[in-house]
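Structure file start31.cif with mmCIF, C-alpha atoms:
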data_model
#
loop_
_atom_site.label_atom_id
_atom_site.label_comp_id
_atom_site.auth_asym_id
_atom_site.auth_seq_id
_atom_site.Cartn_x
_atom_site.Cartn_y
_atom_site.Cartn_z
CA MET A 24 13.72 -25.31 10.99
CA GLN A 25 11.18 -22.64 11.92
CA LEU A 26 13.95 -20.22 12.96
CA ARG A 27 15.80 -20.91 9.73
CA LYS A 28 12.67 -20.38 7.68
CA THR A 29 11.84 -17.13 9.47
CA LEU A 30 15.37 -15.85 8.94
CA LEU A 31 15.39 -16.73 5.26
CA VAL A 32 11.96 -15.23 4.66
CA GLY A 33 13.12 -12.07 6.40
CA LEU A 34 16.22 -11.94 4.23
CA VAL A 35 14.15 -12.39 1.10
CA SER A 36 11.89 -9.56 2.21
CA VAL A 37 14.94 -7.36 2.75
CA ALA A 38 16.17 -8.32 -0.70
CA LEU A 39 12.83 -7.37 -2.21
CA LEU A 40 12.89 -4.04 -0.43
CA SER A 41 16.52 -3.10 -0.84
CA GLY A 42 17.25 -4.46 -4.29
CA CYS A 43 20.33 -6.23 -2.87
CA SER A 44 21.35 -9.85 -3.14
CA LEU A 45 21.54 -12.15 -0.14
CA PHE A 46 25.20 -12.75 -0.89
CA ASN A 47 28.35 -10.67 -0.45
CA SER A 48 30.24 -11.26 -3.69
CA GLU A 49 30.42 -8.25 -5.97
CA GLU A 50 28.83 -10.04 -8.89
CA ASP A 51 25.70 -10.71 -6.80
CA VAL A 52 25.13 -7.07 -5.83
CA VAL A 53 22.19 -5.48 -7.64
CA THR A 54 22.36 -1.73 -8.16
CA MET A 55 19.29 0.50 -8.24
CA SER A 56 18.95 2.34 -11.55
CA PRO A 57 19.48 6.10 -11.31
CA LEU A 58 16.38 8.22 -11.60
CA PRO A 59 15.60 8.59 -15.33
CA LYS A 60 15.42 12.10 -16.71
CA VAL A 61 11.88 12.84 -17.80
CA GLU A 62 10.53 15.89 -19.59
CA ASN A 63 7.07 16.19 -18.06
CA GLN A 64 4.25 16.46 -20.58
CA PHE A 65 1.98 17.58 -17.75
CA THR A 66 2.25 18.25 -14.02
CA PRO A 67 -0.03 16.13 -11.81
CA ASN A 68 -1.82 18.32 -9.29
CA LYS A 69 -1.69 17.40 -5.60
CA ALA A 70 -5.27 17.84 -4.40
CA TRP A 71 -4.50 17.13 -0.73
CA SER A 72 -2.38 15.12 1.67
CA THR A 73 -2.95 13.95 5.23
CA SER A 74 -1.19 11.77 7.77
CA VAL A 75 -2.58 8.43 8.96
CA GLY A 76 -0.50 7.39 11.94
CA ASP A 77 3.03 6.13 11.37
CA GLY A 78 2.41 4.04 8.25
CA VAL A 79 4.37 0.78 7.96
CA GLY A 80 7.87 2.17 8.41
CA GLU A 81 10.49 -0.28 7.18
CA PHE A 82 8.26 -3.34 7.54
CA TYR A 83 7.39 -5.27 4.39
CA SER A 84 3.66 -4.61 4.44
CA HIS A 85 1.30 -3.83 1.58
CA LEU A 86 -1.19 -1.99 3.78
CA ARG A 87 -3.11 0.24 1.37
CA PRO A 88 -6.27 2.39 1.39
CA ALA A 89 -9.75 1.49 0.13
CA PHE A 90 -12.43 3.68 -1.46
CA GLN A 91 -16.23 3.72 -1.53
CA ASP A 92 -18.93 6.38 -1.81
CA SER A 93 -16.67 9.47 -1.73
CA THR A 94 -14.79 8.16 1.31
CA ILE A 95 -11.21 6.90 1.53
CA TYR A 96 -10.29 4.51 4.34
CA ALA A 97 -6.64 4.15 5.36
CA ALA A 98 -4.69 2.65 8.26
CA ASP A 99 -1.26 2.37 9.81
CA ARG A 100 0.44 -0.75 11.12
CA HIS A 101 0.05 0.29 14.77
CA GLY A 102 -3.75 0.21 14.56
CA VAL A 103 -5.04 3.64 13.51
CA VAL A 104 -7.86 3.48 10.95
CA LYS A 105 -9.10 6.72 9.45
CA ALA A 106 -11.98 7.67 7.14
CA MET A 107 -11.42 10.74 4.94
CA ASP A 108 -13.47 12.75 2.49
CA ALA A 109 -12.15 11.89 -0.97
CA ASP A 110 -12.55 15.44 -2.26
CA SER A 111 -10.86 17.31 0.58
CA GLY A 112 -8.98 14.76 2.68
CA ASP A 113 -10.88 15.97 5.76
CA GLU A 114 -11.23 13.41 8.54
CA LYS A 115 -14.67 11.86 9.02
CA TRP A 116 -13.67 9.56 11.86
CA LYS A 117 -10.62 7.86 13.36
CA VAL A 118 -10.27 4.79 15.59
CA ASP A 119 -7.32 3.02 17.18
CA LEU A 120 -7.38 -0.80 17.20
CA SER A 121 -4.24 -1.18 19.31
CA GLU A 122 -4.65 -2.93 22.67
CA LYS A 123 -4.62 -0.70 25.73
CA THR A 124 -2.25 -2.17 28.31
CA GLY A 125 -2.61 0.33 31.16
CA PHE A 126 1.17 0.28 31.57
CA LEU A 127 2.78 3.72 31.22
CA SER A 128 -0.04 4.64 28.81
CA SER A 129 1.48 2.41 26.12
CA ASN A 130 -0.58 0.27 23.76
CA ARG A 131 0.25 -3.00 22.08
CA PRO A 132 0.15 -2.38 18.32
CA ALA A 133 -2.55 -4.14 16.33
CA LEU A 134 -0.05 -4.90 13.50
CA LEU A 135 -2.56 -4.22 10.75
CA SER A 136 -1.46 -5.54 7.37
CA GLY A 137 -2.45 -6.52 3.87
CA GLY A 138 -4.72 -3.66 2.92
CA LEU A 139 -8.23 -2.49 3.65
CA ALA A 140 -11.37 -3.62 1.85
CA VAL A 141 -14.79 -1.96 1.95
CA ALA A 142 -18.19 -3.35 0.99
CA GLY A 143 -21.65 -2.19 1.99
CA ASP A 144 -21.59 -0.65 5.45
CA LYS A 145 -18.37 -2.32 6.63
CA VAL A 146 -14.64 -1.78 6.14
CA TYR A 147 -12.40 -4.80 6.74
CA VAL A 148 -8.74 -5.18 7.68
CA GLY A 149 -6.59 -8.07 8.88
CA SER A 150 -3.55 -8.20 11.12
CA GLU A 151 -0.29 -10.03 11.67
CA LYS A 152 -1.82 -11.14 14.98
CA ALA A 153 -4.29 -13.32 13.01
CA VAL A 154 -7.28 -11.07 13.72
CA VAL A 155 -9.74 -9.76 11.11
CA TYR A 156 -11.74 -6.64 12.00
CA ALA A 157 -15.02 -5.40 10.54
CA LEU A 158 -15.67 -1.70 11.24
CA ASN A 159 -18.86 0.27 10.60
CA THR A 160 -18.25 2.71 7.76
CA ALA A 161 -20.48 5.28 9.52
CA ASP A 162 -18.37 5.74 12.66
CA GLY A 163 -15.50 3.22 12.69
CA LYS A 164 -16.88 1.21 15.60
CA VAL A 165 -15.91 -2.48 15.61
CA ALA A 166 -18.87 -4.52 14.36
CA TRP A 167 -17.01 -7.80 14.92
CA GLN A 168 -13.54 -9.24 15.12
CA THR A 169 -12.50 -12.83 14.44
CA LYS A 170 -9.41 -14.85 15.17
CA VAL A 171 -8.30 -16.60 11.98
CA ALA A 172 -5.91 -19.49 11.38
CA GLY A 173 -2.77 -17.44 10.70
CA GLU A 174 -1.41 -13.98 9.94
CA ALA A 175 -3.89 -12.10 7.73
CA ILE A 176 -1.37 -10.34 5.50
CA SER A 177 -3.40 -10.39 2.28
CA ARG A 178 -6.26 -8.04 1.48
CA PRO A 179 -9.72 -9.32 2.55
CA VAL A 180 -12.06 -10.05 -0.37
CA ILE A 181 -15.84 -9.74 0.10
CA SER A 182 -18.21 -11.76 -2.09
CA ASP A 183 -21.40 -13.84 -1.79
CA GLY A 184 -21.92 -12.86 1.85
CA MET A 185 -18.42 -13.96 2.82
CA VAL A 186 -15.12 -12.35 3.72
CA LEU A 187 -12.26 -14.39 2.22
CA ILE A 188 -8.91 -14.40 4.04
CA HIS A 189 -5.72 -16.07 2.76
CA THR A 190 -3.52 -16.61 5.81
CA SER A 191 0.27 -16.78 5.92
CA ASN A 192 0.25 -20.50 6.75
CA GLY A 193 -1.44 -21.42 3.48
CA LEU A 194 -5.10 -21.55 4.50
CA LEU A 195 -8.03 -19.93 2.71
CA GLN A 196 -10.84 -19.12 5.15
CA ALA A 197 -14.35 -17.81 4.58
CA LEU A 198 -15.96 -15.70 7.31
CA ASN A 199 -19.64 -14.80 7.43
CA GLU A 200 -19.95 -11.17 6.37
CA SER A 201 -22.63 -10.55 9.01
CA ASP A 202 -20.89 -11.78 12.17
CA GLY A 203 -17.37 -12.98 11.27
CA ALA A 204 -18.02 -16.63 12.08
CA VAL A 205 -15.69 -19.02 10.23
CA LYS A 206 -17.72 -20.83 7.57
CA TRP A 207 -15.02 -23.06 6.07
CA THR A 208 -11.27 -23.52 5.76
CA VAL A 209 -9.32 -24.91 2.79
CA ASN A 210 -5.67 -25.97 3.08
CA LEU A 211 -3.73 -24.79 0.03
CA ASP A 212 -0.49 -26.49 1.14
CA MET A 213 2.62 -24.70 2.33
CA PRO A 214 6.28 -25.24 1.40
CA SER A 215 9.06 -25.11 3.99
CA LEU A 216 10.27 -21.77 2.64
CA SER A 217 8.22 -18.94 1.12
CA LEU A 218 8.16 -15.23 0.50
CA ARG A 219 6.51 -12.75 2.86
CA GLY A 220 3.13 -12.22 1.23
CA GLU A 221 -0.04 -14.00 0.15
CA SER A 222 -2.31 -13.83 -2.88
CA ALA A 223 -5.69 -12.20 -2.35
CA PRO A 224 -8.41 -14.26 -4.08
CA ALA A 225 -10.21 -13.21 -7.25
CA VAL A 226 -13.88 -14.19 -7.47
CA ALA A 227 -16.14 -15.09 -10.39
CA PHE A 228 -19.23 -17.28 -10.89
CA GLY A 229 -19.27 -18.43 -7.28
CA ALA A 230 -15.63 -19.49 -7.25
CA ALA A 231 -12.57 -18.04 -5.53
CA ILE A 232 -9.33 -18.24 -7.53
CA VAL A 233 -6.19 -17.86 -5.43
CA GLY A 234 -2.45 -18.31 -5.78
CA GLY A 235 -0.46 -20.40 -3.31
CA ASP A 236 3.06 -20.52 -1.93
CA ASN A 237 3.50 -23.91 -3.59
CA GLY A 238 3.44 -22.46 -7.10
CA ARG A 239 -0.15 -23.50 -7.75
CA VAL A 240 -3.35 -21.64 -8.57
CA SER A 241 -6.46 -23.09 -6.90
CA ALA A 242 -10.18 -22.71 -7.59
CA VAL A 243 -12.57 -23.12 -4.64
CA LEU A 244 -16.38 -23.20 -4.67
CA MET A 245 -17.28 -20.45 -2.23
CA GLN A 246 -20.56 -21.78 -0.86
CA GLN A 247 -19.17 -25.23 -0.01
CA GLY A 248 -15.48 -24.47 0.48
CA GLN A 249 -14.75 -27.26 -1.99
CA LEU A 250 -11.59 -27.38 -4.10
CA ILE A 251 -12.49 -27.56 -7.82
CA TRP A 252 -9.09 -27.63 -9.46
CA GLN A 253 -5.43 -26.82 -8.92
CA GLN A 254 -2.85 -25.96 -11.55
CA ARG A 255 0.90 -25.51 -11.07
CA ILE A 256 2.22 -22.43 -12.88
CA SER A 257 5.62 -22.16 -11.19
CA GLN A 258 8.05 -25.06 -10.82
CA PRO A 259 10.91 -24.96 -8.27
CA SER A 260 14.27 -24.79 -10.04
CA GLY A 261 17.75 -23.40 -9.46
CA ALA A 262 20.82 -24.07 -7.37
CA THR A 263 19.78 -22.35 -4.12
CA GLU A 264 16.68 -22.33 -1.93
CA ILE A 265 16.11 -18.70 -2.90
CA ASP A 266 16.23 -19.61 -6.60
CA ARG A 267 13.64 -22.31 -5.96
CA LEU A 268 11.08 -19.98 -4.39
CA ASN A 269 7.97 -20.22 -6.56
CA ASP A 270 5.20 -18.42 -4.65
CA VAL A 271 2.13 -17.12 -6.46
CA ASP A 272 1.59 -14.02 -4.30
CA THR A 273 -0.17 -11.90 -6.91
CA THR A 274 -3.95 -11.67 -7.16
CA PRO A 275 -5.22 -13.56 -10.23
CA VAL A 276 -7.20 -11.54 -12.78
CA ILE A 277 -10.28 -13.05 -14.44
CA VAL A 278 -11.42 -11.72 -17.82
CA GLU A 279 -13.96 -13.41 -20.12
CA GLY A 280 -13.47 -16.90 -18.70
CA VAL A 281 -9.68 -16.69 -18.60
CA VAL A 282 -7.63 -16.61 -15.38
CA TYR A 283 -4.33 -14.74 -15.63
CA ALA A 284 -1.87 -15.65 -12.88
CA LEU A 285 1.73 -14.69 -12.16
CA GLY A 286 4.33 -16.41 -9.96
CA TYR A 287 7.70 -15.48 -8.49
CA ASN A 288 10.60 -17.15 -10.34
CA GLY A 289 7.83 -18.60 -12.48
CA ASN A 290 5.47 -17.87 -15.31
CA LEU A 291 2.75 -15.52 -16.43
CA THR A 292 0.04 -18.02 -17.28
CA ALA A 293 -3.43 -17.94 -18.86
CA LEU A 294 -5.75 -20.64 -17.52
CA ASP A 295 -9.23 -21.76 -18.48
CA LEU A 296 -11.53 -20.71 -15.65
CA ARG A 297 -13.70 -23.83 -15.81
CA SER A 298 -11.00 -26.49 -15.96
CA GLY A 299 -7.77 -24.83 -14.86
CA GLN A 300 -6.04 -26.04 -18.01
CA ILE A 301 -3.11 -23.95 -19.22
CA MET A 302 -3.88 -21.98 -22.38
CA TRP A 303 -0.45 -20.34 -22.68
CA LYS A 304 2.44 -19.25 -20.47
CA ARG A 305 5.42 -16.90 -20.58
CA GLU A 306 8.58 -17.15 -18.50
CA LEU A 307 8.11 -14.02 -16.43
CA GLY A 308 7.98 -13.60 -12.65
CA SER A 309 6.78 -11.05 -10.10
CA VAL A 310 5.26 -10.54 -6.65
CA ASN A 311 3.36 -7.43 -7.80
CA ASP A 312 -0.32 -7.41 -8.72
CA PHE A 313 -0.91 -6.65 -12.39
CA ILE A 314 -3.53 -5.17 -14.72
CA VAL A 315 -5.49 -6.69 -17.61
CA ASP A 316 -7.12 -4.02 -19.76
CA ALA A 317 -8.33 -3.82 -23.37
CA GLY A 318 -6.45 -6.88 -24.58
CA ARG A 319 -3.21 -6.09 -22.76
CA ILE A 320 -1.50 -7.18 -19.57
CA TYR A 321 0.57 -4.57 -17.71
CA LEU A 322 2.95 -5.68 -14.98
CA VAL A 323 6.11 -4.89 -13.03
CA ASP A 324 8.40 -7.93 -13.08
CA GLN A 325 10.74 -9.03 -10.28
CA ASN A 326 13.57 -6.92 -11.72
CA ASP A 327 11.29 -3.83 -11.90
CA ARG A 328 10.85 -3.83 -15.65
CA VAL A 329 7.45 -2.44 -16.62
CA VAL A 330 6.09 -4.72 -19.33
CA ALA A 331 3.03 -4.68 -21.60
CA LEU A 332 1.95 -7.96 -23.19
CA SER A 333 -0.92 -9.13 -25.36
CA THR A 334 -3.60 -11.30 -23.79
CA GLU A 335 -3.36 -13.40 -26.96
CA GLY A 336 -0.39 -15.62 -26.22
CA GLY A 337 1.45 -13.21 -23.91
CA VAL A 338 3.44 -11.57 -26.72
CA THR A 339 5.51 -8.61 -25.49
CA VAL A 340 4.22 -5.26 -26.80
CA TRP A 341 6.81 -3.06 -25.07
CA THR A 342 9.24 -3.07 -22.15
CA GLN A 343 10.32 -0.10 -20.04
CA SER A 344 13.68 -0.95 -18.39
CA ASP A 345 14.79 2.44 -17.00
CA LEU A 346 13.50 1.72 -13.47
CA LEU A 347 15.42 -1.48 -12.75
CA HIS A 348 15.67 -2.41 -9.05
CA ARG A 349 13.95 0.78 -7.87
CA ASN A 350 11.51 -1.47 -5.95
CA LEU A 351 8.39 -0.39 -7.79
CA THR A 352 4.85 -0.68 -6.50
CA PRO A 353 2.22 -2.58 -8.45
CA PRO A 354 0.95 -0.33 -11.25
CA VAL A 355 -2.48 1.26 -11.54
CA MET A 356 -4.32 2.59 -14.59
CA TYR A 357 -5.34 6.22 -14.16
CA ASN A 358 -6.69 8.51 -16.89
CA GLY A 359 -5.22 6.26 -19.56
CA TYR A 360 -1.71 6.17 -18.05
CA LEU A 361 0.14 3.57 -16.01
CA VAL A 362 1.30 4.94 -12.66
CA THR A 363 3.79 3.26 -10.33
CA GLY A 364 5.68 4.48 -7.26
CA ASP A 365 9.19 3.59 -6.13
CA SER A 366 11.10 3.14 -2.88
CA GLU A 367 12.56 6.66 -3.07
CA GLY A 368 9.12 8.26 -3.13
CA TYR A 369 8.75 9.10 -6.83
CA LEU A 370 5.67 8.55 -8.96
CA HIS A 371 6.26 7.54 -12.59
CA TRP A 372 3.59 8.08 -15.25
CA ILE A 373 3.92 5.88 -18.35
CA ASN A 374 2.24 5.97 -21.76
CA THR A 375 0.37 2.69 -22.25
CA THR A 376 0.88 2.80 -26.02
CA ASP A 377 4.68 2.67 -26.14
CA GLY A 378 5.96 2.55 -22.54
CA ARG A 379 7.53 6.02 -22.63
CA PHE A 380 7.53 8.25 -19.56
CA VAL A 381 5.12 11.17 -19.68
CA ALA A 382 5.58 12.56 -16.16
CA GLN A 383 7.57 12.07 -13.01
CA GLN A 384 7.24 13.65 -9.59
CA GLU A 385 8.95 13.44 -6.21
CA VAL A 386 6.31 12.98 -3.54
CA ASP A 387 7.51 11.50 -0.24
CA SER A 388 11.02 10.73 1.02
CA SER A 389 9.83 7.70 3.02
CA GLY A 390 9.09 5.95 -0.26
CA PHE A 391 6.24 3.80 -1.54
CA LEU A 392 5.55 0.09 -1.19
CA SER A 393 1.80 -0.38 -1.66
CA ALA A 394 -0.01 0.18 -4.94
CA PRO A 395 -1.65 3.47 -5.92
CA MET A 396 -5.44 3.47 -6.02
CA VAL A 397 -8.05 5.25 -8.15
CA ALA A 398 -10.70 7.01 -6.04
CA GLY A 399 -13.24 8.67 -8.31
CA ASP A 400 -11.34 11.30 -10.28
CA LYS A 401 -8.28 11.09 -8.03
CA LEU A 402 -5.14 9.00 -7.79
CA VAL A 403 -4.43 8.09 -4.15
CA ILE A 404 -1.28 6.56 -2.69
CA GLN A 405 -0.05 5.98 0.84
CA ALA A 406 3.65 6.38 1.65
CA LYS A 407 5.54 4.08 4.01
CA GLY A 408 5.69 6.91 6.55
CA GLY A 409 1.89 7.02 6.75
CA LYS A 410 1.03 10.07 4.67
CA VAL A 411 -1.79 9.70 2.14
CA TYR A 412 -1.69 11.78 -1.06
CA ALA A 413 -4.42 12.50 -3.59
CA PHE A 414 -3.60 13.75 -7.12
CA THR A 415 -5.65 14.86 -10.07
CA ARG A 416 -4.72 14.96 -13.73
#
Structure re-expressed in structure tokens:
Amino acid sequence: MQLRKTLLVGLVSVALLSGCSLFNSEEDVVTMSPLPKVENQFTPNKAWSTSVGDGVGEFYSHLRPAFQDSTIYAADRHGVVKAMDADSGDEKWKVDLSEKTGFLSSNRPALLSGGLAVAGDKVYVGSEKAVVYALNTADGKVAWQTKVAGEAISRPVISDGMVLIHTSNGLLQALNESDGAVKWTVNLDMPSLSLRGESAPAVAFGAAIVGGDNGRVSAVLMQQGQLIWQQRISQPSGATEIDRLNDVDTTPVIVEGVVYALGYNGNLTALDLRSGQIMWKRELGSVNDFIVDAGRIYLVDQNDRVVALSTEGGVTVWTQSDLLHRNLTPPVMYNGYLVTGDSEGYLHWINTTDGRFVAQQEVDSSGFLSAPMVAGDKLVIQAKGGKVYAFTR
């Protein structure tokens, strides 16, 4: 069963990356939309670019940079972690977390994954080898490293003196921020088949809110590691095992006591933070993190439609459908525009008022998978090949 599960999860990942069906019949083949023609209203300026190792290559990994105090931290899957000046891209320090084998000068890759997180004087990153690293922001030296319960493929979240890790086998673990010791573990349940990816927790009022591979959203008291409530937002349905996938791999968003959560093959749902009760839901699915801003929800759905909805009832405000199956990154809000990258290495800038394109640029032929990031006055994105780009408007 494990081999079958691994194979199917791999196929689903390929489907997510390639935009192709798992089946061979012509009617099941999904075609990537051609690049839309856009008359640029402005030309984004590339401030700098720099290479950080070999990136993630063709692996399905959302390894992405982090930003704090005029410094950008980025990594590659092999184990290189680099700190760069946000204004110039100049290297401040670089370390290599791969294991030295002493055999023909080759190293075992660290298999870093899930994205970096930075808080205080530490930068954190997890790995597919179930190791979480804490590095000193001053020089990149390892402050501590901890073996966790499973692959750490979601972004670490730091809050209340803890580093929260959602592992690939459905466990939420809290590590002490000071020394990495495991404080508690909560089992969120795990179906026999799931997508490659895990929800990073959102935190508010001493609780961690996290999506699970079983279609549920869970609330956990962080100090005690106690489950407060669970709510199913995605119900398995359909004729095939793939159709019945119902993971909640996106990070919930908490605004004014409301939890917004989004599942694959499921629903966009608004939940009451205190009780977990459903306030409203829309039939809409995705594996991409989304944005809640000024009364609107902006997301990329599982067919790569860019959609804006109202936070009041989830009513659709506009839909941009010219990027279907281009394997878009999660969007980011930058200077009042939505920005998303695609698998062919283009950045698309979208007007938040009506969903129209305002700019488009070809950046990197290796393509994009992880979300862009705002770093001060710059938009930063890392390509699959490892190059990091910074743009200004």
### Query
For this file, the PyMOL selection byres ((chain A and resi 252-258) around 12) selects which residues, as a VMD selection string?
chain A and resid 211 to 212 230 to 244 249 to 251 259 to 261 266 to 272 275 282 to 309
Include C-alpha atoms and write out the residues we just selected as a CSV table (one decimal), in the frame of the given file.
chain,number,residue,atom,x,y,z
A,211,LEU,CA,-3.7,-24.8,0.0
A,212,ASP,CA,-0.5,-26.5,1.1
A,230,ALA,CA,-15.6,-19.5,-7.2
A,231,ALA,CA,-12.6,-18.0,-5.5
A,232,ILE,CA,-9.3,-18.2,-7.5
A,233,VAL,CA,-6.2,-17.9,-5.4
A,234,GLY,CA,-2.4,-18.3,-5.8
A,235,GLY,CA,-0.5,-20.4,-3.3
A,236,ASP,CA,3.1,-20.5,-1.9
A,237,ASN,CA,3.5,-23.9,-3.6
A,238,GLY,CA,3.4,-22.5,-7.1
A,239,ARG,CA,-0.2,-23.5,-7.8
A,240,VAL,CA,-3.4,-21.6,-8.6
A,241,SER,CA,-6.5,-23.1,-6.9
A,242,ALA,CA,-10.2,-22.7,-7.6
A,243,VAL,CA,-12.6,-23.1,-4.6
A,244,LEU,CA,-16.4,-23.2,-4.7
A,249,GLN,CA,-14.8,-27.3,-2.0
A,250,LEU,CA,-11.6,-27.4,-4.1
A,251,ILE,CA,-12.5,-27.6,-7.8
A,259,PRO,CA,10.9,-25.0,-8.3
A,260,SER,CA,14.3,-24.8,-10.0
A,261,GLY,CA,17.8,-23.4,-9.5
A,266,ASP,CA,16.2,-19.6,-6.6
A,267,ARG,CA,13.6,-22.3,-6.0
A,268,LEU,CA,11.1,-20.0,-4.4
A,269,ASN,CA,8.0,-20.2,-6.6
A,270,ASP,CA,5.2,-18.4,-4.6
A,271,VAL,CA,2.1,-17.1,-6.5
A,272,ASP,CA,1.6,-14.0,-4.3
A,275,PRO,CA,-5.2,-13.6,-10.2
A,282,VAL,CA,-7.6,-16.6,-15.4
A,283,TYR,CA,-4.3,-14.7,-15.6
A,284,ALA,CA,-1.9,-15.6,-12.9
A,285,LEU,CA,1.7,-14.7,-12.2
A,286,GLY,CA,4.3,-16.4,-10.0
A,287,TYR,CA,7.7,-15.5,-8.5
A,288,ASN,CA,10.6,-17.2,-10.3
A,289,GLY,CA,7.8,-18.6,-12.5
A,290,ASN,CA,5.5,-17.9,-15.3
A,291,LEU,CA,2.8,-15.5,-16.4
A,292,THR,CA,0.0,-18.0,-17.3
A,293,ALA,CA,-3.4,-17.9,-18.9
A,294,LEU,CA,-5.8,-20.6,-17.5
A,295,ASP,CA,-9.2,-21.8,-18.5
A,296,LEU,CA,-11.5,-20.7,-15.6
A,297,ARG,CA,-13.7,-23.8,-15.8
A,298,SER,CA,-11.0,-26.5,-16.0
A,299,GLY,CA,-7.8,-24.8,-14.9
A,300,GLN,CA,-6.0,-26.0,-18.0
A,301,ILE,CA,-3.1,-24.0,-19.2
A,302,MET,CA,-3.9,-22.0,-22.4
A,303,TRP,CA,-0.4,-20.3,-22.7
A,304,LYS,CA,2.4,-19.2,-20.5
A,305,ARG,CA,5.4,-16.9,-20.6
A,306,GLU,CA,8.6,-17.2,-18.5
A,307,LEU,CA,8.1,-14.0,-16.4
A,308,GLY,CA,8.0,-13.6,-12.6
A,309,SER,CA,6.8,-11.0,-10.1
Near segment 106-109 of chain A, 9 Å: segment 126-193 of chain A residue rows, closest pairs, all atoms listed in the file, as CSV:
residue,atom,partner,partner_atom,distance
A:Thr160,CA,A:Ala106,CA,8.0
A:Asp162,CA,A:Ala106,CA,8.7
A:Gly163,CA,A:Ala106,CA,7.9
### Task
Excluding segment 199-207 of chain A and any residue of its chain fewer than 5 positions from it, enumerate the residues within 6 Å of it, using all atoms listed in the file, and give them as a count of residues only.
5
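The list of residues with at least one atom within 7 Å of Gly112 of chain A, based on only C-alpha atoms and without residues fewer than 5 positions apart in the same chain, reads A:Trp71, A:Ser72, A:Thr73, A:Met107.
Evaluated against the shown file, the PyMOL selection byres ((chain A and resi 66) around 12) gives Val61, Glu62, Asn63, Gln64, Phe65, Pro67, Asn68, Lys69, Leu370, His371, Trp372, Val381, Ala382, Gln383, Gln384, Glu385, Phe414, Thr415 and Arg416 of chain A.
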